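Data file: protein.pdb. Format and content: PDB, C-alpha atoms, pLDDT in the B column.
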ATOM      1  CA  MET A  15     111.045  86.961  47.873  1.00 38.00           C
ATOM      2  CA  LEU A  16     109.645  89.968  49.732  1.00 42.00           C
ATOM      3  CA  ALA A  17     112.967  91.795  49.968  1.00 47.00           C
ATOM      4  CA  THR A  18     112.961  95.094  48.146  1.00 57.00           C
ATOM      5  CA  LYS A  19     115.803  97.261  46.976  1.00 73.00           C
ATOM      6  CA  ILE A  20     117.128 100.072  49.087  1.00 76.00           C
ATOM      7  CA  PRO A  21     115.785 103.287  47.503  1.00 80.00           C
ATOM      8  CA  GLU A  22     118.309 104.933  45.198  1.00 80.00           C
ATOM      9  CA  ASN A  23     118.090 108.253  47.058  1.00 81.00           C
ATOM     10  CA  ILE A  24     119.489 106.576  50.220  1.00 82.00           C
ATOM     11  CA  SER A  25     123.272 106.463  50.600  1.00 83.00           C
ATOM     12  CA  LEU A  26     124.943 103.579  52.450  1.00 81.00           C
ATOM     13  CA  ASP A  27     125.929 105.842  55.361  1.00 84.00           C
ATOM     14  CA  GLN A  28     122.192 106.344  56.022  1.00 90.00           C
ATOM     15  CA  VAL A  29     121.515 102.582  56.290  1.00 92.00           C
ATOM     16  CA  ASP A  30     121.218 100.732  59.590  1.00 93.00           C
ATOM     17  CA  ILE A  31     121.180  96.927  59.663  1.00 93.00           C
ATOM     18  CA  TRP A  32     118.583  95.474  62.024  1.00 96.00           C
ATOM     19  CA  PHE A  33     117.942  91.846  62.934  1.00 97.00           C
ATOM     20  CA  GLN A  34     114.408  90.675  63.738  1.00 98.00           C
ATOM     21  CA  ASP A  35     112.935  87.544  65.249  1.00 97.00           C
ATOM     22  CA  GLU A  36     110.419  86.386  67.819  1.00 97.00           C
ATOM     23  CA  ALA A  37     110.681  84.104  70.829  1.00 95.00           C
ATOM     24  CA  ARG A  38     107.958  82.186  72.644  1.00 92.00           C
ATOM     25  CA  VAL A  39     107.829  82.479  76.422  1.00 92.00           C
ATOM     26  CA  GLY A  40     105.308  80.554  78.435  1.00 80.00           C
ATOM     27  CA  GLN A  41     104.259  78.048  80.995  1.00 55.00           C
ATOM     28  CA  ARG A  42     105.953  75.160  79.169  1.00 57.00           C
ATOM     29  CA  GLY A  43     109.144  77.169  79.142  1.00 51.00           C
ATOM     30  CA  THR A  44     112.820  76.463  78.878  1.00 59.00           C
ATOM     31  CA  VAL A  45     114.664  74.363  81.425  1.00 54.00           C
ATOM     32  CA  ALA A  46     118.232  75.587  81.759  1.00 56.00           C
ATOM     33  CA  ARG A  47     121.324  74.501  83.645  1.00 59.00           C
ATOM     34  CA  ILE A  48     121.693  75.720  87.205  1.00 63.00           C
ATOM     35  CA  TRP A  49     124.542  75.731  89.694  1.00 71.00           C
ATOM     36  CA  ALA A  50     124.467  72.905  92.208  1.00 70.00           C
ATOM     37  CA  GLU A  51     126.776  71.211  94.623  1.00 82.00           C
ATOM     38  CA  LYS A  52     128.929  68.564  92.944  1.00 83.00           C
ATOM     39  CA  GLY A  53     127.330  65.139  93.057  1.00 83.00           C
ATOM     40  CA  THR A  54     123.769  66.439  93.560  1.00 82.00           C
ATOM     41  CA  ARG A  55     120.886  66.468  91.105  1.00 74.00           C
ATOM     42  CA  PRO A  56     118.829  69.611  91.664  1.00 74.00           C
ATOM     43  CA  ARG A  57     115.167  69.479  90.749  1.00 66.00           C
ATOM     44  CA  ILE A  58     113.543  72.020  88.463  1.00 63.00           C
ATOM     45  CA  VAL A  59     109.778  72.481  88.324  1.00 64.00           C
ATOM     46  CA  ARG A  60     108.289  72.482  84.831  1.00 58.00           C
ATOM     47  CA  GLN A  61     104.738  73.576  84.252  1.00 48.00           C
ATOM     48  CA  GLN A  62     102.273  71.592  82.189  1.00 58.00           C
ATOM     49  CA  GLN A  63      99.939  74.463  81.232  1.00 55.00           C
ATOM     50  CA  PHE A  64     100.070  76.052  77.785  1.00 70.00           C
ATOM     51  CA  ASN A  65      99.726  79.848  78.157  1.00 83.00           C
ATOM     52  CA  SER A  66     102.420  81.711  76.251  1.00 89.00           C
ATOM     53  CA  ALA A  67     103.325  85.006  74.631  1.00 94.00           C
ATOM     54  CA  TYR A  68     105.818  86.025  71.960  1.00 97.00           C
ATOM     55  CA  ILE A  69     108.485  88.694  72.249  1.00 98.00           C
ATOM     56  CA  PHE A  70     108.954  90.275  68.830  1.00 98.00           C
ATOM     57  CA  GLY A  71     112.341  91.948  68.852  1.00 98.00           C
ATOM     58  CA  ALA A  72     114.476  93.913  66.432  1.00 98.00           C
ATOM     59  CA  ILE A  73     118.008  95.021  67.241  1.00 98.00           C
ATOM     60  CA  CYS A  74     120.532  97.287  65.566  1.00 96.00           C
ATOM     61  CA  PRO A  75     123.997  96.444  66.944  1.00 95.00           C
ATOM     62  CA  GLN A  76     125.630  99.389  65.150  1.00 91.00           C
ATOM     63  CA  ARG A  77     123.433 101.875  67.022  1.00 93.00           C
ATOM     64  CA  ASP A  78     123.047  99.719  70.170  1.00 95.00           C
ATOM     65  CA  GLU A  79     119.262  99.997  69.857  1.00 96.00           C
ATOM     66  CA  GLY A  80     116.402  97.567  70.174  1.00 97.00           C
ATOM     67  CA  ILE A  81     112.674  97.690  69.590  1.00 97.00           C
ATOM     68  CA  GLY A  82     110.316  95.066  70.920  1.00 97.00           C
ATOM     69  CA  ILE A  83     106.678  94.290  71.500  1.00 98.00           C
ATOM     70  CA  ILE A  84     104.915  91.366  73.135  1.00 98.00           C
ATOM     71  CA  MET A  85     102.145  89.657  71.215  1.00 97.00           C
ATOM     72  CA  PRO A  86      99.797  86.742  72.007  1.00 96.00           C
ATOM     73  CA  TYR A  87     100.542  84.984  68.690  1.00 95.00           C
ATOM     74  CA  SER A  88     103.310  84.713  66.150  1.00 95.00           C
ATOM     75  CA  ASN A  89     101.646  85.288  62.798  1.00 97.00           C
ATOM     76  CA  THR A  90     101.400  87.689  59.855  1.00 97.00           C
ATOM     77  CA  GLU A  91      99.280  90.220  61.751  1.00 97.00           C
ATOM     78  CA  ALA A  92     101.703  90.315  64.689  1.00 97.00           C
ATOM     79  CA  THR A  93     104.676  90.671  62.329  1.00 97.00           C
ATOM     80  CA  ALA A  94     102.933  93.541  60.518  1.00 97.00           C
ATOM     81  CA  ILE A  95     102.295  95.338  63.813  1.00 97.00           C
ATOM     82  CA  HIS A  96     105.926  94.857  64.833  1.00 98.00           C
ATOM     83  CA  LEU A  97     107.229  96.172  61.498  1.00 97.00           C
ATOM     84  CA  GLU A  98     104.957  99.226  61.795  1.00 97.00           C
ATOM     85  CA  TYR A  99     106.407  99.845  65.236  1.00 97.00           C
ATOM     86  CA  VAL A 100     109.969  99.487  63.938  1.00 97.00           C
ATOM     87  CA  SER A 101     109.219 101.788  60.996  1.00 97.00           C
ATOM     88  CA  ALA A 102     107.787 104.444  63.314  1.00 97.00           C
ATOM     89  CA  ASN A 103     110.955 104.300  65.437  1.00 95.00           C
ATOM     90  CA  VAL A 104     113.572 104.412  62.666  1.00 95.00           C
ATOM     91  CA  THR A 105     115.523 107.642  63.077  1.00 93.00           C
ATOM     92  CA  PRO A 106     114.266 110.219  60.531  1.00 94.00           C
ATOM     93  CA  GLY A 107     116.595 110.377  57.539  1.00 92.00           C
ATOM     94  CA  ARG A 108     117.810 106.798  58.126  1.00 95.00           C
ATOM     95  CA  HIS A 109     116.826 103.576  56.365  1.00 96.00           C
ATOM     96  CA  ALA A 110     116.525 100.206  58.145  1.00 96.00           C
ATOM     97  CA  VAL A 111     117.525  96.978  56.427  1.00 95.00           C
ATOM     98  CA  ILE A 112     115.816  94.288  58.496  1.00 96.00           C
ATOM     99  CA  VAL A 113     117.317  90.805  58.307  1.00 95.00           C
ATOM    100  CA  MET A 114     114.890  88.044  59.255  1.00 96.00           C
ATOM    101  CA  ASP A 115     114.355  84.334  58.842  1.00 95.00           C
ATOM    102  CA  ARG A 116     112.002  82.719  56.353  1.00 94.00           C
ATOM    103  CA  ALA A 117     109.066  82.009  58.644  1.00 93.00           C
ATOM    104  CA  SER A 118     105.887  81.999  56.565  1.00 92.00           C
ATOM    105  CA  TRP A 119     104.616  85.129  58.328  1.00 93.00           C
ATOM    106  CA  HIS A 120     107.856  86.953  57.370  1.00 93.00           C
ATOM    107  CA  THR A 121     107.719  86.132  53.665  1.00 93.00           C
ATOM    108  CA  THR A 122     104.045  86.646  52.911  1.00 94.00           C
ATOM    109  CA  LYS A 123     103.033  89.277  50.376  1.00 93.00           C
ATOM    110  CA  LYS A 124     100.380  90.429  52.854  1.00 94.00           C
ATOM    111  CA  LEU A 125     103.016  92.457  54.718  1.00 94.00           C
ATOM    112  CA  LYS A 126     102.871  96.165  54.007  1.00 93.00           C
ATOM    113  CA  LYS A 127     105.901  97.792  52.372  1.00 92.00           C
ATOM    114  CA  PHE A 128     107.478 100.731  54.181  1.00 94.00           C
ATOM    115  CA  ASN A 129     109.456 103.632  52.709  1.00 93.00           C
ATOM    116  CA  ASN A 130     112.088 103.449  55.452  1.00 95.00           C
ATOM    117  CA  ILE A 131     112.458  99.648  55.712  1.00 96.00           C
ATOM    118  CA  THR A 132     113.893  96.998  53.396  1.00 95.00           C
ATOM    119  CA  LEU A 133     113.372  93.342  54.334  1.00 95.00           C
ATOM    120  CA  ILE A 134     116.050  90.748  53.610  1.00 94.00           C
ATOM    121  CA  HIS A 135     115.490  87.061  54.333  1.00 95.00           C
ATOM    122  CA  LEU A 136     118.178  84.692  55.514  1.00 94.00           C
ATOM    123  CA  PRO A 137     118.699  81.335  53.812  1.00 92.00           C
ATOM    124  CA  ALA A 138     116.389  78.614  55.105  1.00 89.00           C
ATOM    125  CA  ALA A 139     117.382  76.839  58.341  1.00 87.00           C
ATOM    126  CA  SER A 140     120.205  79.236  59.244  1.00 89.00           C
ATOM    127  CA  PRO A 141     119.400  80.754  62.649  1.00 87.00           C
ATOM    128  CA  GLU A 142     123.120  81.038  63.404  1.00 89.00           C
ATOM    129  CA  LEU A 143     123.253  83.962  60.937  1.00 90.00           C
ATOM    130  CA  ASN A 144     120.774  86.005  62.965  1.00 94.00           C
ATOM    131  CA  PRO A 145     122.460  87.630  65.997  1.00 95.00           C
ATOM    132  CA  ILE A 146     119.127  88.206  67.756  1.00 97.00           C
ATOM    133  CA  GLU A 147     119.158  84.478  68.520  1.00 96.00           C
ATOM    134  CA  GLN A 148     121.882  85.287  71.082  1.00 96.00           C
ATOM    135  CA  VAL A 149     119.492  87.786  72.672  1.00 97.00           C
ATOM    136  CA  TRP A 150     116.909  85.042  73.196  1.00 96.00           C
ATOM    137  CA  GLN A 151     119.562  82.764  74.723  1.00 94.00           C
ATOM    138  CA  HIS A 152     120.713  85.608  76.969  1.00 96.00           C
ATOM    139  CA  LEU A 153     117.164  86.431  78.141  1.00 96.00           C
ATOM    140  CA  ARG A 154     116.361  82.787  78.807  1.00 91.00           C
ATOM    141  CA  ARG A 155     119.595  82.238  80.695  1.00 90.00           C
ATOM    142  CA  ARG A 156     119.164  85.343  82.855  1.00 91.00           C
ATOM    143  CA  GLU A 157     115.433  85.821  83.360  1.00 91.00           C
ATOM    144  CA  LEU A 158     113.099  83.479  81.488  1.00 89.00           C
ATOM    145  CA  SER A 159     114.219  79.909  82.261  1.00 82.00           C
ATOM    146  CA  ASN A 160     113.305  77.643  85.181  1.00 78.00           C
ATOM    147  CA  ARG A 161     110.174  79.636  86.009  1.00 80.00           C
ATOM    148  CA  CYS A 162     106.566  78.937  86.796  1.00 79.00           C
ATOM    149  CA  PHE A 163     104.031  81.543  85.725  1.00 86.00           C
ATOM    150  CA  LYS A 164     100.734  82.036  87.540  1.00 89.00           C
ATOM    151  CA  ASN A 165      98.894  83.309  84.491  1.00 91.00           C
ATOM    152  CA  TYR A 166      99.169  85.099  81.144  1.00 93.00           C
ATOM    153  CA  ASP A 167      99.531  88.523  82.791  1.00 96.00           C
ATOM    154  CA  GLU A 168     102.588  87.350  84.687  1.00 94.00           C
ATOM    155  CA  ILE A 169     104.096  86.040  81.446  1.00 94.00           C
ATOM    156  CA  LEU A 170     103.590  89.494  79.886  1.00 97.00           C
ATOM    157  CA  ASP A 171     105.157  91.238  82.889  1.00 97.00           C
ATOM    158  CA  VAL A 172     108.203  88.952  82.951  1.00 96.00           C
ATOM    159  CA  CYS A 173     108.716  89.286  79.180  1.00 96.00           C
ATOM    160  CA  ALA A 174     108.499  93.077  79.346  1.00 98.00           C
ATOM    161  CA  THR A 175     110.883  93.240  82.298  1.00 97.00           C
ATOM    162  CA  ALA A 176     113.407  90.889  80.664  1.00 97.00           C
ATOM    163  CA  TRP A 177     113.351  92.771  77.328  1.00 98.00           C
ATOM    164  CA  ASN A 178     113.521  96.213  78.948  1.00 98.00           C
ATOM    165  CA  ASN A 179     116.350  95.189  81.285  1.00 97.00           C
ATOM    166  CA  PHE A 180     118.353  94.005  78.284  1.00 97.00           C
ATOM    167  CA  ILE A 181     117.611  97.078  76.137  1.00 96.00           C
ATOM    168  CA  ASP A 182     118.395  99.458  79.018  1.00 97.00           C
ATOM    169  CA  GLU A 183     121.798  97.858  79.606  1.00 96.00           C
ATOM    170  CA  LYS A 184     124.146 100.224  77.765  1.00 96.00           C
ATOM    171  CA  GLY A 185     126.332  98.370  75.265  1.00 96.00           C
ATOM    172  CA  ALA A 186     124.568  95.008  75.729  1.00 96.00           C
ATOM    173  CA  ILE A 187     123.217  94.788  72.177  1.00 96.00           C
ATOM    174  CA  LYS A 188     126.490  95.875  70.609  1.00 94.00           C
ATOM    175  CA  SER A 189     128.649  93.503  72.668  1.00 93.00           C
ATOM    176  CA  LEU A 190     126.363  90.483  72.233  1.00 94.00           C
ATOM    177  CA  CYS A 191     125.275  90.937  68.613  1.00 93.00           C
ATOM    178  CA  MET A 192     127.944  92.821  66.638  1.00 90.00           C
ATOM    179  CA  ARG A 193     129.394  90.806  63.759  1.00 81.00           C
ATOM    180  CA  ASP A 194     132.354  91.645  61.510  1.00 78.00           C
ATOM    181  CA  TRP A 195     130.547  90.522  58.369  1.00 68.00           C
ATOM    182  CA  PHE A 196     127.933  93.272  58.481  1.00 65.00           C
ATOM    183  CA  VAL A 197     130.168  96.026  59.882  1.00 62.00           C
ATOM    184  CA  LYS A 198     132.044  95.894  56.575  1.00 57.00           C
ATOM    185  CA  PHE A 199     128.763  96.401  54.688  1.00 54.00           C
TER     186      PHE A 199
END
What does this structure look like when you write it as structure tokens?
Amino acid sequence: MLATKIPENISLDQVDIWFQDEARVGQRGTVARIWAEKGTRPRIVRQQQFNSAYIFGAICPQRDEGIGIIMPYSNTEATAIHLEYVSANVTPGRHAVIVMDRASWHTTKKLKKFNNITLIHLPAASPELNPIEQVWQHLRRRELSNRCFKNYDEILDVCATAWNNFIDEKGAIKSLCMRDWFVKF
């Protein structure tokens, strides 16, 4: 396991719990429910091309903060870049415990260790324990589903807009992702 101990010189009141994951957005995107007149069957266009991008996101419900980047692939290198970005944005004097799933690119020993980050991995096949999954559902429901993208650049623009709209909405992270079980930590 890649998880490390929280440094002994860090007290629990200096620890922030973050949740990390990535979501694919692309031309073979999500088809979601839409409102329609009773008795009708509305048609949704679904693309057959394969361009996609990945939103790498990390959220801290306690602080109502989120950090995200958009990458062309979901792999060890992309995860390392995202963790560097998170580490650079952790408030000085604070320590981030990042909870993530057990994707192979999250558990590899190739990931750099950071002084201000501790990684903790969820049990296998337990996405319901990661509140950032609700963020992906929220973004798909509001901005990413039932769309056709002209090209990769449009995918990047839509992903950035969707993520930034969510992050800029005061209280959105806290209200969607706060859980009693980690508040008592």
Local residues around (110.5, 91.5, 69.7), at most 12 Å away, using all atoms listed in the file, as a PyMOL selection string:
chain A and resi 32-39+67-73+80-88+92-93+95-97+99-100+114+146-147+149-150+153+173-174+176-178+180-181
Care to translate the PyMOL selection byres ((chain A and resi 157) around 10) into actual residues of this file, as a PyMOL selection string?
chain A and resi 152-156+158-161+172-173+175-177+179
Quote the spacing between CA of Glu168 in chain A and CA of Glu98 in chain A in Å to one decimal place.
25.9 Å
Name the residues captured by the PyMOL selection byres ((chain A and resi 109) around 6) when it is applied to the shown file; answer as a PyMOL selection string.
chain A and resi 29+108+110+130-131
Residue nearest Gly40 in chain A among A:Ser66, A:Gln76, A:Asn165, A:Thr54 (counting all atoms listed in the file):
A:Ser66
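Shortest atom-to-atom contact with Asp27 in chain A among A:Lys52, A:Asp182, A:Gly107, A:Cys74: A:Gly107, counting all atoms listed in the file.
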Selection near Ala139 in chain A, 12 Å with only C-alpha atoms, sequence-local residues under 5 positions removed, as an MDAnalysis selection string
chainID A and resid 114:117 144
Report the residues retrieved by the PyMOL selection byres ((chain A and resi 134) around 10) from the displayed file, expressed as a PDB file with C-alpha atoms, keeping the file's coordinate frame.
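Below you can see out_12.pdb, which holds the result:
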ATOM      1  CA  MET A  15     111.045  86.961  47.873  1.00 38.00           C
ATOM      2  CA  LEU A  16     109.645  89.968  49.732  1.00 42.00           C
ATOM      3  CA  ALA A  17     112.967  91.795  49.968  1.00 47.00           C
ATOM      4  CA  THR A  18     112.961  95.094  48.146  1.00 57.00           C
ATOM      5  CA  LYS A  19     115.803  97.261  46.976  1.00 73.00           C
ATOM      6  CA  TRP A  32     118.583  95.474  62.024  1.00 96.00           C
ATOM      7  CA  PHE A  33     117.942  91.846  62.934  1.00 97.00           C
ATOM      8  CA  VAL A 111     117.525  96.978  56.427  1.00 95.00           C
ATOM      9  CA  ILE A 112     115.816  94.288  58.496  1.00 96.00           C
ATOM     10  CA  VAL A 113     117.317  90.805  58.307  1.00 95.00           C
ATOM     11  CA  MET A 114     114.890  88.044  59.255  1.00 96.00           C
ATOM     12  CA  ASP A 115     114.355  84.334  58.842  1.00 95.00           C
ATOM     13  CA  ARG A 116     112.002  82.719  56.353  1.00 94.00           C
ATOM     14  CA  HIS A 120     107.856  86.953  57.370  1.00 93.00           C
ATOM     15  CA  THR A 121     107.719  86.132  53.665  1.00 93.00           C
ATOM     16  CA  ILE A 131     112.458  99.648  55.712  1.00 96.00           C
ATOM     17  CA  THR A 132     113.893  96.998  53.396  1.00 95.00           C
ATOM     18  CA  LEU A 133     113.372  93.342  54.334  1.00 95.00           C
ATOM     19  CA  HIS A 135     115.490  87.061  54.333  1.00 95.00           C
ATOM     20  CA  LEU A 136     118.178  84.692  55.514  1.00 94.00           C
ATOM     21  CA  PRO A 137     118.699  81.335  53.812  1.00 92.00           C
TER      22      PRO A 137
END
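Among the candidates A:Val104, A:Ser118, A:Gly53, A:Tyr166, the residue lying nearest to Ala138 in chain A is A:Ser118 (atoms considered: only C-alpha atoms).
Straight-line separation from CA of Asp30 in chain A to CA of Leu125 in chain A: 20.6 Å.
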Given the choices A:Glu183, A:Pro56, A:Phe64, A:Asn23, which gets closest to Phe163 in chain A if the distance is worked out from only C-alpha atoms?
A:Phe64
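For the choices A:Lys127, A:Leu26, A:Asp167, A:Cys191, the atom-to-atom distance to Asp78 in chain A is smallest for A:Cys191 when using all atoms listed in the file.
With CA of Pro75 in chain A on one side and CA of Gln148 in chain A on the other, the separation reads 12.1 Å.
The shortest atom-to-atom distance to Phe128 in chain A, with only C-alpha atoms taken into account, belongs to A:Ala102 out of A:Ala102, A:Leu190, A:Leu170, A:Ala50.
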Grab all the atoms of range 154-171 of chain A that the file lists, wrap them in a box along x, y and z, add 8 Å per side, and give me centre plus edge lengths in Å (one decimal) as JSON.
{"center_x": 109.2, "center_y": 84.4, "center_z": 83.2, "size_x": 36.7, "size_y": 29.6, "size_z": 24.7}
Rebuild N, CA and C atoms on range 124-145 of chain A, as a PDB file, in the coordinates of the input?
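The resulting file, out14.pdb, is shown below:
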ATOM      1  N   LYS A 124     101.375  89.658  52.114  1.00 94.00           N
ATOM      2  CA  LYS A 124     100.380  90.429  52.854  1.00 94.00           C
ATOM      3  C   LYS A 124     101.016  91.514  53.715  1.00 94.00           C
ATOM      4  N   LEU A 125     102.342  91.433  53.918  1.00 94.00           N
ATOM      5  CA  LEU A 125     103.016  92.457  54.718  1.00 94.00           C
ATOM      6  C   LEU A 125     103.112  93.757  53.931  1.00 94.00           C
ATOM      7  N   LYS A 126     102.806  94.838  54.593  1.00 93.00           N
ATOM      8  CA  LYS A 126     102.871  96.165  54.007  1.00 93.00           C
ATOM      9  C   LYS A 126     104.333  96.533  53.726  1.00 93.00           C
ATOM     10  N   LYS A 127     104.558  97.285  52.669  1.00 92.00           N
ATOM     11  CA  LYS A 127     105.901  97.792  52.372  1.00 92.00           C
ATOM     12  C   LYS A 127     106.035  99.180  52.984  1.00 92.00           C
ATOM     13  N   PHE A 128     107.212  99.454  53.518  1.00 94.00           N
ATOM     14  CA  PHE A 128     107.478 100.731  54.181  1.00 94.00           C
ATOM     15  C   PHE A 128     108.559 101.486  53.413  1.00 94.00           C
ATOM     16  N   ASN A 129     108.464 102.805  53.397  1.00 93.00           N
ATOM     17  CA  ASN A 129     109.456 103.632  52.709  1.00 93.00           C
ATOM     18  C   ASN A 129     110.812 103.605  53.392  1.00 93.00           C
ATOM     19  N   ASN A 130     110.829 103.369  54.708  1.00 95.00           N
ATOM     20  CA  ASN A 130     112.088 103.449  55.452  1.00 95.00           C
ATOM     21  C   ASN A 130     112.603 102.076  55.913  1.00 95.00           C
ATOM     22  N   ILE A 131     112.042 101.009  55.346  1.00 96.00           N
ATOM     23  CA  ILE A 131     112.458  99.648  55.712  1.00 96.00           C
ATOM     24  C   ILE A 131     112.625  98.802  54.444  1.00 96.00           C
ATOM     25  N   THR A 132     113.699  98.019  54.411  1.00 95.00           N
ATOM     26  CA  THR A 132     113.893  96.998  53.396  1.00 95.00           C
ATOM     27  C   THR A 132     114.054  95.669  54.120  1.00 95.00           C
ATOM     28  N   LEU A 133     113.297  94.667  53.712  1.00 95.00           N
ATOM     29  CA  LEU A 133     113.372  93.342  54.334  1.00 95.00           C
ATOM     30  C   LEU A 133     114.306  92.443  53.523  1.00 95.00           C
ATOM     31  N   ILE A 134     115.181  91.738  54.226  1.00 94.00           N
ATOM     32  CA  ILE A 134     116.050  90.748  53.610  1.00 94.00           C
ATOM     33  C   ILE A 134     115.891  89.457  54.395  1.00 94.00           C
ATOM     34  N   HIS A 135     115.709  88.350  53.677  1.00 95.00           N
ATOM     35  CA  HIS A 135     115.490  87.061  54.333  1.00 95.00           C
ATOM     36  C   HIS A 135     116.744  86.211  54.282  1.00 95.00           C
ATOM     37  N   LEU A 136     117.034  85.597  55.412  1.00 94.00           N
ATOM     38  CA  LEU A 136     118.178  84.692  55.514  1.00 94.00           C
ATOM     39  C   LEU A 136     117.893  83.401  54.762  1.00 94.00           C
ATOM     40  N   PRO A 137     118.934  82.652  54.412  1.00 92.00           N
ATOM     41  CA  PRO A 137     118.699  81.335  53.812  1.00 92.00           C
ATOM     42  C   PRO A 137     117.903  80.456  54.795  1.00 92.00           C
ATOM     43  N   ALA A 138     117.189  79.514  54.265  1.00 89.00           N
ATOM     44  CA  ALA A 138     116.389  78.614  55.105  1.00 89.00           C
ATOM     45  C   ALA A 138     117.275  77.869  56.098  1.00 89.00           C
ATOM     46  N   ALA A 139     116.730  77.626  57.287  1.00 87.00           N
ATOM     47  CA  ALA A 139     117.382  76.839  58.341  1.00 87.00           C
ATOM     48  C   ALA A 139     118.786  77.358  58.673  1.00 87.00           C
ATOM     49  N   SER A 140     118.897  78.672  58.890  1.00 89.00           N
ATOM     50  CA  SER A 140     120.205  79.236  59.244  1.00 89.00           C
ATOM     51  C   SER A 140     120.092  80.236  60.397  1.00 89.00           C
ATOM     52  N   PRO A 141     119.560  79.811  61.538  1.00 87.00           N
ATOM     53  CA  PRO A 141     119.400  80.754  62.649  1.00 87.00           C
ATOM     54  C   PRO A 141     120.729  81.301  63.166  1.00 87.00           C
ATOM     55  N   GLU A 142     121.820  80.576  62.929  1.00 89.00           N
ATOM     56  CA  GLU A 142     123.120  81.038  63.404  1.00 89.00           C
ATOM     57  C   GLU A 142     123.553  82.346  62.733  1.00 89.00           C
ATOM     58  N   LEU A 143     122.921  82.709  61.616  1.00 90.00           N
ATOM     59  CA  LEU A 143     123.253  83.962  60.937  1.00 90.00           C
ATOM     60  C   LEU A 143     122.509  85.159  61.507  1.00 90.00           C
ATOM     61  N   ASN A 144     121.568  84.924  62.396  1.00 94.00           N
ATOM     62  CA  ASN A 144     120.774  86.005  62.965  1.00 94.00           C
ATOM     63  C   ASN A 144     121.211  86.262  64.409  1.00 94.00           C
ATOM     64  N   PRO A 145     121.936  87.363  64.654  1.00 95.00           N
ATOM     65  CA  PRO A 145     122.460  87.630  65.997  1.00 95.00           C
ATOM     66  C   PRO A 145     121.392  87.780  67.082  1.00 95.00           C
TER      67      PRO A 145
END
